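Shown next: structure09.pdb, given as PDB, C-alpha atoms.
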```pdb
ATOM      1  CA  GLU A1120     185.113   2.314  47.708
ATOM      2  CA  GLN A1121     182.613   5.176  47.659
ATOM      3  CA  ARG A1122     179.007   5.156  48.755
ATOM      4  CA  ARG A1123     176.471   7.311  47.001
ATOM      5  CA  VAL A1124     173.631   8.054  49.358
ATOM      6  CA  HIS A1125     171.079  10.757  48.606
ATOM      7  CA  GLY A1126     171.377  13.554  51.154
ATOM      8  CA  GLU A1127     174.443  12.106  52.823
ATOM      9  CA  ALA A1128     178.159  12.322  52.225
ATOM     10  CA  SER A1129     180.889   9.762  51.936
ATOM     11  CA  LEU A1130     184.642  10.047  52.024
ATOM     12  CA  SER A1131     187.084   8.064  49.946
ATOM     13  CA  PHE A1132     190.703   7.848  50.954
ATOM     14  CA  SER A1133     193.886   8.219  48.962
ATOM     15  CA  PHE A1134     197.535   8.637  49.885
ATOM     16  CA  MET A1135     197.871  12.419  50.250
ATOM     17  CA  SER A1136     194.360  13.734  49.981
ATOM     18  CA  ARG A1137     190.740  12.755  50.272
ATOM     19  CA  SER A1138     187.633  13.085  48.192
ATOM     20  CA  LEU A1139     184.124  13.973  49.273
ATOM     21  CA  GLU A1140     180.883  13.127  47.521
ATOM     22  CA  MET A1141     177.341  14.159  48.461
ATOM     23  CA  SER A1142     173.947  14.904  46.948
ATOM     24  CA  VAL A1143     171.214  17.251  48.128
ATOM     25  CA  THR A1144     167.880  18.136  46.574
ATOM     26  CA  PHE A1145     166.325  21.588  46.708
ATOM     27  CA  GLU A1146     162.814  22.608  45.757
ATOM     28  CA  VAL A1147     163.970  25.108  43.151
ATOM     29  CA  PRO A1148     164.727  24.756  39.418
ATOM     30  CA  PRO A1149     168.375  24.055  38.449
ATOM     31  CA  ARG A1150     168.757  27.411  36.635
ATOM     32  CA  VAL A1151     167.751  29.339  39.779
ATOM     33  CA  LEU A1152     170.163  27.444  42.033
ATOM     34  CA  TYR A1153     172.965  27.711  39.458
ATOM     35  CA  ASP A1154     172.485  31.482  39.286
ATOM     36  CA  SER A1155     172.504  31.789  43.093
ATOM     37  CA  LEU A1156     175.719  29.767  43.414
ATOM     38  CA  LEU A1157     177.483  32.324  41.186
ATOM     39  CA  ASP A1158     175.701  35.491  42.335
ATOM     40  CA  GLU A1159     177.731  37.649  44.706
ATOM     41  CA  ARG A1160     174.667  39.071  46.472
ATOM     42  CA  ASP A1161     173.077  35.652  47.010
ATOM     43  CA  ILE A1162     176.391  34.226  48.237
ATOM     44  CA  MET A1163     176.709  37.080  50.757
ATOM     45  CA  LYS A1164     173.122  36.390  51.910
ATOM     46  CA  PHE A1165     173.623  32.700  52.596
ATOM     47  CA  THR A1166     177.175  32.988  53.951
ATOM     48  CA  ARG A1167     176.274  36.117  55.927
ATOM     49  CA  SER A1168     179.741  37.480  55.202
ATOM     50  CA  PRO A1169     181.705  39.399  52.555
ATOM     51  CA  ALA A1170     182.143  37.495  49.293
ATOM     52  CA  ARG A1171     183.362  37.970  45.727
ATOM     53  CA  ALA A1172     182.030  35.953  42.823
ATOM     54  CA  SER A1173     182.359  35.659  39.075
ATOM     55  CA  ARG A1174     180.172  34.165  36.356
ATOM     56  CA  ASP A1175     183.171  33.720  34.033
ATOM     57  CA  VAL A1176     185.524  30.795  33.444
ATOM     58  CA  GLY A1177     188.840  31.894  34.943
ATOM     59  CA  GLY A1178     187.012  34.282  37.272
ATOM     60  CA  GLN A1179     188.089  34.421  40.893
ATOM     61  CA  PHE A1180     185.843  33.997  43.925
ATOM     62  CA  SER A1181     186.148  34.221  47.695
ATOM     63  CA  TYR A1182     183.672  33.356  50.435
ATOM     64  CA  PHE A1183     183.563  34.073  54.155
ATOM     65  CA  ASN A1184     185.717  37.201  53.883
ATOM     66  CA  GLY A1185     188.483  35.294  52.068
ATOM     67  CA  SER A1186     188.513  32.113  54.172
ATOM     68  CA  ILE A1187     187.619  30.174  51.010
ATOM     69  CA  GLU A1188     188.987  31.230  47.636
ATOM     70  CA  GLY A1189     189.382  29.882  44.173
ATOM     71  CA  GLU A1190     188.696  30.077  40.459
ATOM     72  CA  ASN A1191     185.944  28.959  38.104
ATOM     73  CA  VAL A1192     187.275  26.213  35.811
ATOM     74  CA  GLU A1193     184.145  25.157  33.904
ATOM     75  CA  LEU A1194     180.642  26.628  33.815
ATOM     76  CA  ILE A1195     177.680  25.106  31.989
ATOM     77  CA  PRO A1196     174.608  27.241  32.734
ATOM     78  CA  ALA A1197     171.993  25.476  34.869
ATOM     79  CA  GLU A1198     174.014  22.218  34.722
ATOM     80  CA  LYS A1199     177.573  22.281  36.036
ATOM     81  CA  ILE A1200     180.073  24.335  38.042
ATOM     82  CA  VAL A1201     183.712  23.236  38.380
ATOM     83  CA  GLN A1202     186.008  25.274  40.613
ATOM     84  CA  LYS A1203     189.539  25.225  42.002
ATOM     85  CA  TRP A1204     188.748  25.689  45.692
ATOM     86  CA  ARG A1205     190.776  26.138  48.874
ATOM     87  CA  PHE A1206     190.707  27.322  52.458
ATOM     88  CA  ASN A1207     193.235  30.016  53.338
ATOM     89  CA  SER A1208     194.424  27.697  56.153
ATOM     90  CA  TRP A1209     195.663  25.108  53.614
ATOM     91  CA  GLN A1210     199.278  25.003  52.464
ATOM     92  CA  ASP A1211     200.026  27.672  49.858
ATOM     93  CA  GLY A1212     199.215  26.489  46.364
ATOM     94  CA  VAL A1213     197.038  23.559  47.529
ATOM     95  CA  TYR A1214     193.661  23.514  45.791
ATOM     96  CA  SER A1215     190.904  20.945  45.694
ATOM     97  CA  THR A1216     188.551  20.572  42.748
ATOM     98  CA  VAL A1217     184.839  21.052  43.393
ATOM     99  CA  THR A1218     182.389  19.748  40.792
ATOM    100  CA  LEU A1219     178.714  20.581  41.215
ATOM    101  CA  ASN A1220     176.349  18.807  38.816
ATOM    102  CA  LEU A1221     172.798  20.145  38.859
ATOM    103  CA  LYS A1222     170.022  17.884  37.590
ATOM    104  CA  SER A1223     166.295  18.414  37.383
ATOM    105  CA  ALA A1224     164.543  16.177  39.913
ATOM    106  CA  GLY A1225     161.003  16.850  38.794
ATOM    107  CA  GLU A1226     159.037  20.037  38.536
ATOM    108  CA  ASP A1227     160.845  22.870  40.337
ATOM    109  CA  ARG A1228     163.346  20.526  42.022
ATOM    110  CA  CYS A1229     167.091  20.287  41.608
ATOM    111  CA  THR A1230     169.505  17.651  42.832
ATOM    112  CA  VAL A1231     173.046  18.898  43.355
ATOM    113  CA  HIS A1232     175.674  16.181  43.168
ATOM    114  CA  LEU A1233     178.954  17.438  44.639
ATOM    115  CA  VAL A1234     182.336  15.781  44.213
ATOM    116  CA  GLN A1235     185.340  17.442  45.830
ATOM    117  CA  THR A1236     188.753  15.899  45.169
ATOM    118  CA  GLY A1237     192.192  16.772  46.493
ATOM    119  CA  ILE A1238     191.178  17.728  50.035
ATOM    120  CA  PRO A1239     194.383  17.759  52.110
ATOM    121  CA  GLU A1240     194.639  15.625  55.238
ATOM    122  CA  THR A1241     196.020  18.524  57.319
ATOM    123  CA  ASP A1242     196.181  22.303  57.094
ATOM    124  CA  LYS A1243     199.329  24.472  57.105
ATOM    125  CA  PHE A1244     199.223  24.619  60.903
ATOM    126  CA  GLY A1245     199.342  20.824  61.250
ATOM    127  CA  ASN A1246     195.683  20.487  62.234
ATOM    128  CA  GLY A1247     194.191  17.230  61.035
ATOM    129  CA  ASP A1248     190.617  16.299  60.228
ATOM    130  CA  VAL A1249     190.430  18.725  57.298
ATOM    131  CA  PRO A1250     188.163  16.425  55.237
ATOM    132  CA  ARG A1251     185.626  16.178  58.074
ATOM    133  CA  LYS A1252     185.635  19.968  58.483
ATOM    134  CA  VAL A1253     185.103  20.427  54.751
ATOM    135  CA  GLU A1254     182.171  17.997  54.774
ATOM    136  CA  GLU A1255     180.594  19.715  57.787
ATOM    137  CA  GLY A1256     181.115  23.075  56.111
ATOM    138  CA  TRP A1257     179.138  22.060  53.025
ATOM    139  CA  HIS A1258     176.227  20.955  55.198
ATOM    140  CA  GLN A1259     176.262  23.753  57.774
ATOM    141  CA  HIS A1260     177.437  26.759  55.790
ATOM    142  CA  PHE A1261     176.188  26.026  52.287
ATOM    143  CA  TRP A1262     173.240  23.637  51.993
ATOM    144  CA  THR A1263     171.467  24.521  55.250
ATOM    145  CA  GLN A1264     172.144  28.238  54.827
ATOM    146  CA  ILE A1265     171.027  28.284  51.183
ATOM    147  CA  SER A1266     167.739  26.822  52.374
ATOM    148  CA  ARG A1267     167.380  29.213  55.323
ATOM    149  CA  MET A1268     168.604  32.454  53.789
ATOM    150  CA  LEU A1269     167.451  32.081  50.177
ATOM    151  CA  GLY A1270     164.278  30.121  50.920
ATOM    152  CA  TYR A1271     165.138  27.151  48.672
ATOM    153  CA  HIS A1272     163.559  24.355  50.687
ATOM    154  CA  LEU A1273     165.618  21.195  51.082
ATOM    155  CA  ALA A1274     163.600  18.287  49.703
ATOM    156  CA  ASP A1275     165.438  15.814  51.933
ATOM    157  CA  SER A1276     167.194  16.015  55.270
ATOM    158  CA  ILE A1277     170.945  16.409  55.362
TER     159      ILE A1277
END
```
Target format structure tokens, applied to this file:
Amino acid sequence: EQRRVHGEASLSFSFMSRSLEMSVTFEVPPRVLYDSLLDERDIMKFTRSPARASRDVGGQFSYFNGSIEGENVELIPAEKIVQKWRFNSWQDGVYSTVTLNLKSAGEDRCTVHLVQTGIPETDKFGNGDVPRKVEEGWHQHFWTQISRMLGYHLADSI
């Protein structure tokens, strides 16, 4: 069973992998946030590290100097980003699927609903707690940093 709580995350459990679901609201229009999530310069600003990005389906990306890498699967401008996504510490060939749905939440506000499926239980070194680390990473290294470094105020606490 999954909980959907605005500004919080929940985990659902399956046999070999886990899923993560969370929503956050920023005081910025969906088109602006969408553009920033695919813009190499903005990504480097909020991650404060080397990054590669693509605005094309099939385009490759990497964040945090290659610690996270993947490929754009589906892009609907100002509405949806779907990516194959992985940490370089995961087993070779293991990817999760990240789906970001962006919805207008009133004038100059955007709610991002994230669903990430296929998160492995352990990494290639046998370290557990990967789903918790992924969840913390979204909060600490994406949502909070997007607000701090790009100035897109979070409309709710995370």
**Message:** With distances taken over all atoms listed in the file, which residue among A:Val1151, A:Leu1273, A:Asp1158, A:Asn1184 lies nearest A:Ala1172?
**Reply:** A:Asp1158
**Asked** So which one's closest to A:Ile1200, A:Phe1165, A:Phe1261, A:Tyr1153, A:Phe1145? Using all atoms listed in the file, please.
**Response**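 When distances to A:Ile1200 are compared using all atoms listed in the file, the smallest one comes from A:Tyr1153.
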**Message:** Under the rule that only C-alpha atoms are counted, which of A:Asp1175, A:Glu1255, A:Glu1193, A:Asp1248 is the nearest residue to A:Ser1136?
**Reply:**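 Nearest candidate to A:Ser1136 out of A:Asp1175, A:Glu1255, A:Glu1193, A:Asp1248: A:Asp1248.
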Give me, as a Markdown table, the closest atom pair and its distance (Å, one decimal) for every residue of stretch 1123-1198 of chain A within a cut-off of 8 Å of stretch 1221-1226 of chain A, counting all atoms listed in the file, rows sorted by chain and rising number.
```
| residue | atom | partner | partner_atom | distance |
| --- | --- | --- | --- | --- |
| A:Thr1144 | CA | A:Ala1224 | CA | 7.7 |
| A:Pro1148 | CA | A:Ser1223 | CA | 6.8 |
| A:Pro1149 | CA | A:Leu1221 | CA | 5.9 |
| A:Tyr1153 | CA | A:Leu1221 | CA | 7.6 |
| A:Ala1197 | CA | A:Leu1221 | CA | 6.7 |
| A:Glu1198 | CA | A:Leu1221 | CA | 4.8 |
```
**Item:** Selection result of the PyMOL selection byres ((chain A and resi 1205) around 6) on this file, as a list of chain:residue names
**Value:** A:Ile1187, A:Glu1188, A:Trp1204, A:Phe1206, A:Tyr1214
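Our summary of the geometry notes that atom CA of A:Trp1209 is positioned 7.6 Å from atom CA of A:Thr1241.
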**Message:** From (186.7, 35.4, 53.0), in the file's coordinates, out to 10 Å: which residues are reached, counting only C-alpha atoms? Answer as a PyMOL selection string.
**Reply:** chain A and resi 1166+1168-1171+1180-1188+1206-1207
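Closest approach to A:Val1249 among A:Arg1137, A:Lys1199, A:Arg1174, A:His1272: A:Arg1137, based on only C-alpha atoms.
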**Prompt:** Separation of atom CA of A:Val1253 and atom CA of A:Met1268, in Å?
**Reply:** 20.4 Å
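Between atom CA of A:Arg1160 and atom CA of A:Thr1218 the separation is 21.6 Å.
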**Message:** Residue by residue, what does the PyMOL selection byres ((chain A and resi 1265) around 10) grab here? Present the result as a VMD selection string.
**Reply:** chain A and resid 1145 1152 1155 to 1156 1161 to 1162 1164 to 1166 1258 to 1264 1266 to 1273
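Those residues returned by the PyMOL selection byres ((chain A and resi 1177) around 9) for this file are A:Ser1173, A:Asp1175, A:Val1176, A:Gly1178, A:Gln1179, A:Glu1190, A:Asn1191, A:Val1192, A:Glu1193.
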Would you kindly place N, CA, C and O atoms on stretch 1248-1259 of chain A and return the model as a PDB file, in the coordinates of the input?
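Below is the file rebuild14.pdb, written as the result:
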```pdb
ATOM      1  N   ASP A1248     192.072  16.349  60.347  1.00  0.00           N
ATOM      2  CA  ASP A1248     190.617  16.299  60.228  1.00  0.00           C
ATOM      3  C   ASP A1248     190.063  17.306  59.223  1.00  0.00           C
ATOM      4  O   ASP A1248     188.899  17.685  59.308  1.00  0.00           O
ATOM      5  N   VAL A1249     190.887  17.765  58.301  1.00  0.00           N
ATOM      6  CA  VAL A1249     190.430  18.725  57.298  1.00  0.00           C
ATOM      7  C   VAL A1249     189.262  18.175  56.478  1.00  0.00           C
ATOM      8  O   VAL A1249     188.267  18.886  56.284  1.00  0.00           O
ATOM      9  N   PRO A1250     189.304  16.921  56.015  1.00  0.00           N
ATOM     10  CA  PRO A1250     188.163  16.425  55.237  1.00  0.00           C
ATOM     11  C   PRO A1250     186.830  16.453  55.991  1.00  0.00           C
ATOM     12  O   PRO A1250     185.801  16.799  55.425  1.00  0.00           O
ATOM     13  N   ARG A1251     186.856  16.132  57.269  1.00  0.00           N
ATOM     14  CA  ARG A1251     185.626  16.178  58.074  1.00  0.00           C
ATOM     15  C   ARG A1251     185.122  17.611  58.181  1.00  0.00           C
ATOM     16  O   ARG A1251     183.928  17.881  58.052  1.00  0.00           O
ATOM     17  N   LYS A1252     186.027  18.565  58.382  1.00  0.00           N
ATOM     18  CA  LYS A1252     185.635  19.968  58.483  1.00  0.00           C
ATOM     19  C   LYS A1252     185.055  20.472  57.170  1.00  0.00           C
ATOM     20  O   LYS A1252     184.093  21.243  57.164  1.00  0.00           O
ATOM     21  N   VAL A1253     185.623  20.031  56.053  1.00  0.00           N
ATOM     22  CA  VAL A1253     185.103  20.427  54.751  1.00  0.00           C
ATOM     23  C   VAL A1253     183.684  19.876  54.566  1.00  0.00           C
ATOM     24  O   VAL A1253     182.769  20.595  54.155  1.00  0.00           O
ATOM     25  N   GLU A1254     183.500  18.606  54.895  1.00  0.00           N
ATOM     26  CA  GLU A1254     182.171  17.997  54.774  1.00  0.00           C
ATOM     27  C   GLU A1254     181.149  18.730  55.641  1.00  0.00           C
ATOM     28  O   GLU A1254     180.055  19.078  55.185  1.00  0.00           O
ATOM     29  N   GLU A1255     181.496  18.990  56.898  1.00  0.00           N
ATOM     30  CA  GLU A1255     180.594  19.715  57.787  1.00  0.00           C
ATOM     31  C   GLU A1255     180.297  21.107  57.253  1.00  0.00           C
ATOM     32  O   GLU A1255     179.178  21.602  57.367  1.00  0.00           O
ATOM     33  N   GLY A1256     181.299  21.738  56.667  1.00  0.00           N
ATOM     34  CA  GLY A1256     181.115  23.075  56.111  1.00  0.00           C
ATOM     35  C   GLY A1256     180.094  23.108  54.992  1.00  0.00           C
ATOM     36  O   GLY A1256     179.268  24.031  54.916  1.00  0.00           O
ATOM     37  N   TRP A1257     180.136  22.116  54.101  1.00  0.00           N
ATOM     38  CA  TRP A1257     179.138  22.060  53.025  1.00  0.00           C
ATOM     39  C   TRP A1257     177.734  21.975  53.622  1.00  0.00           C
ATOM     40  O   TRP A1257     176.819  22.672  53.181  1.00  0.00           O
ATOM     41  N   HIS A1258     177.554  21.117  54.611  1.00  0.00           N
ATOM     42  CA  HIS A1258     176.227  20.955  55.198  1.00  0.00           C
ATOM     43  C   HIS A1258     175.787  22.202  55.969  1.00  0.00           C
ATOM     44  O   HIS A1258     174.702  22.730  55.726  1.00  0.00           O
ATOM     45  N   GLN A1259     176.646  22.673  56.872  1.00  0.00           N
ATOM     46  CA  GLN A1259     176.262  23.753  57.774  1.00  0.00           C
ATOM     47  C   GLN A1259     176.274  25.133  57.130  1.00  0.00           C
ATOM     48  O   GLN A1259     175.411  25.954  57.430  1.00  0.00           O
TER      49      GLN A1259
END
```
